Amino acid sequence: MIDPETLSVTIVDGYVDEPAHFGVPPYISTYPRYAAGALVDAGVPREQITYHTIDRLRDEPDYWRDVDEADLMIYLGGMTVPGKYVGGTPAEPDEVRKLAWTANGTSLMGGPVKFGVGDENAGATETERQDLDFDFVAKGDVEAAVHDLVANGLEGFNNRMRDIDEVSRWAQEGAFIVEQHPNHPDHLIAELETSRGCAYRCSFCTEPLYGNPSFRPPPTVVGEVDALSDFGVKHFRIGRQADILAYGGDGEAPNPDALRQLYSGIREVAPDLETLHLDNMNPITIVNWPEQSREGIRIIAEHNTPGDTAAFGLESADPVVQEENNLNVSAEECFEAVKIVNEEAGWRPGEDPADAPTFGDDAPRRLPKLLPGINLLHGLKGEREETYERNREFLQRVYDEGYMLRRINIRQVMSFDGTDMSDTGAEIANEHKQLFKRYKKQVREEIDNPMLERVAPPGTVLPDVHLEYHQDGRTFGRQLGTYPLLVGIPGERELGRTVDVAVVDHGYRSVTGVPYPLDLNAASMDELTAIPGVGDSTAGDIVVNRPYESVTDADLGTEVDLEGFATTRVLEGAD
Ligand code: SF4
């Protein structure tokens with residue numbers, strides 16, 4: 001029998017993206033944290049547990065030694081929704097196989113990879129389960145498998161799910177692993193689980209494979225946040241659940257008391273947190289229980305940080321598609337839910353919540369507290385040309401009636417075994433590829449762009465944008481949070497730093513911004529001309545007449561609102 005105290009373990013994070021769980025950097029999913037906690041609980045000393053992301057193994061090949069030499073190598077990964085990512089590149093099947101071949105010790109694979117592996121993480125694909133040459137594949141919860149495998153001297157385990165007591169313990173005991181993440185501490189956001197499973201059974205979704213919802217009581221989630229914040233985490237997203245409003249209730253109806261305990265508890269143990277966002281909210285909950293939902297949404301908006309998004313899975317506004325795929329919300333119901341979230345949470349810091357939703361010239365220049373996002377999925381059973389028109393009309397109506405959406409997510413279906421879509425597969429999605437492309441472009445141009453201008457008008461300040469990459473002479477970055485806006489800044493600035501940015505212009509899903517406040521005594525021509533209303537000649541005048549003692553000194557003789565963007569700092573050495 002192998003003594004757990006002597007074991008060395010390496011965890012490799014190939015990243016996950018599930019309908020209600022995200023773990024591509026800057027996010028860290030629950031899997032590596034819980035697996036680490038399960039190891040500690042089974043008797044493995046913390047200092048013998050090593051954690052690497054797949055990107056670190058690519059960038060620093062010496063670390064493959066840890067894969068080779070560990071007594072136990074655990075691979076965590078799996079993408080069950082399609083996506084493209086800026087912060088990291090998920091492990092490819094060939095890389096996962098190489099991990100298994102490299103490992104000299106016992107190898108275990110787990111996470112959503114158990115649902116299947118596609119050739120690529122893209123829409124309109126079919127998947128199948130593969131063992132990719134690992135000794136063991138966890139078909140239940142990987143953290144339970146990790147625990148039992150160690151407890152059984154690496155001989156084997158029974159596939160099982162973990163219970164609430166275990167997850168509560170493991171979540172706290174495994175929090176230390178975040179320190180080994182390459183993004184720790186400043187550019188890391190911890191995904192928090194409040195429940196798994198779903199009361200509904202949409203045809204394409206892997207979440208019902210976890211059964212009906214089971215909730216983690218508030219003290220266990222709060223205890224986990226406490227532990228994570230002791231290890232330096234300042235950014236959190238409550239994203240691992242199908243419906244945040246249903247938290248702590250009977251599975252469907254909201255329980256505002258539980259939400260209050262959760263949110264206020266988190267604020268108490270992590271008073272210095274910088275981000276508190278959520279992910280999924282089911283619009284049908286809002287429509288069926290409007291008063292409790294309004295209360296729950298108010299509680300969230302009172303405790304979260306601005307720019308938060310409640311992603312609504314409308315998936316299709318076409319009743320035929322809704323019927324054939326067992327979708328639970330109609331376009332009319334979803335519209336009502338959009339309206340309610342706007343009314344209760346579409347206010348901006350510095351204004352009276354009763355005024356929500358606000359936009360236009362008088363609104364404070366901050367992002368609203370919480371807005372709905374809309375997920376639309378194409379290639380579902382029954383889809384026809386009219387489906388595309390109905391979806392577009394729904395989005396147009398939201399805009400025309402004066403509400404805001406924080407983002408519109410349009411995807412094509414991936415088909416997984418065990419879901420109702422597995423018979424249809426990617427057939428419809430492939431047939432409609434051209435139609436899909438045309439429609440997506442139309443939505444981006446006609447709806448996303450004006451909507452973004454409504455949500456984040458020129459002058460809106462986005463604090464702490466992390467600068468991530470350079471492209472075409474510009475620097476791109478995002479805030480930490482749920483579905484952050486991509487921000488392009490003129491010029492190539494040092495990466496890895498954060499700057500406050502003021503929005504100056506809008507793309508479809510991204511904005512252009514200038515550092516805020518922009519120093520008139522130091523700003524480049526590119527930065528100055530990015531300010532709305534400042535052309536080349538005005539910017540040239542500003543540069544020629546430097547230095548200024550105050551922004552008003554730079555009298556432009558035009559209508560330009562410089563004060564909303566700029567400041568003046570005395571240049572070093574200037575007299
Ligand atoms: S409501 Fe439908 S799409 Fe959302 S988690 Fe439940 S089954 Fe999945």
# chains A, B, ... in the order shown; residues from 1 in each chain; ligands from 1
$ residues_around --residues "region 296-312 of chain A" --least-positions-apart "4" --cutoff "7 Å" --atoms "only C-alpha atoms" --output "ChimeraX atom specification"
/A:245,256,259-260,263-264,275-283,292,341,344-345,367-375,406,482
$ residues_near_ligand --ligand "ligand 1" --cutoff "7 Å" --atoms "only C-alpha atoms and all ligand atoms" --output "VMD selection string"
chain A and resid 19 to 20 198 to 202 205 to 208 242 282 313 327 to 328
$ select_by_dssp --residues "region 381-455 of chain A" --states "strand (DSSP E or B)" --output "list in words"
Arg407, Ile408, Asn409, Ile410, Arg411, Gln412, Met414 and Ser415 of chain A
$ select_by_dssp --residues "region 125-328 of chain A" --states "helix (DSSP H, G or I)" --output "VMD selection string"
chain A and resid 142 to 151 164 to 173 175 to 180 207 to 210 218 to 230 244 to 246 256 to 269 283 to 288 290 to 303 319 to 324
$ closest_residue --among "A:Val534, A:Val146, A:Leu76, A:Ala523" --to "Thr568 (chain A)" --atoms "only C-alpha atoms"
A:Ala523
$ atom_distance --atom1 "CA of Leu149 (chain A)" --atom2 "CA of His52 (chain A)"
20.6 Å
$ closest_residue --among "A:Glu494, A:Asp526, A:Glu47, A:Asp448" --to "Glu468 (chain A)" --atoms "only C-alpha atoms"
A:Glu494
$ atom_distance --atom1 "CA of Ala175 (chain A)" --atom2 "CA of Asp226 (chain A)"
9.5 Å
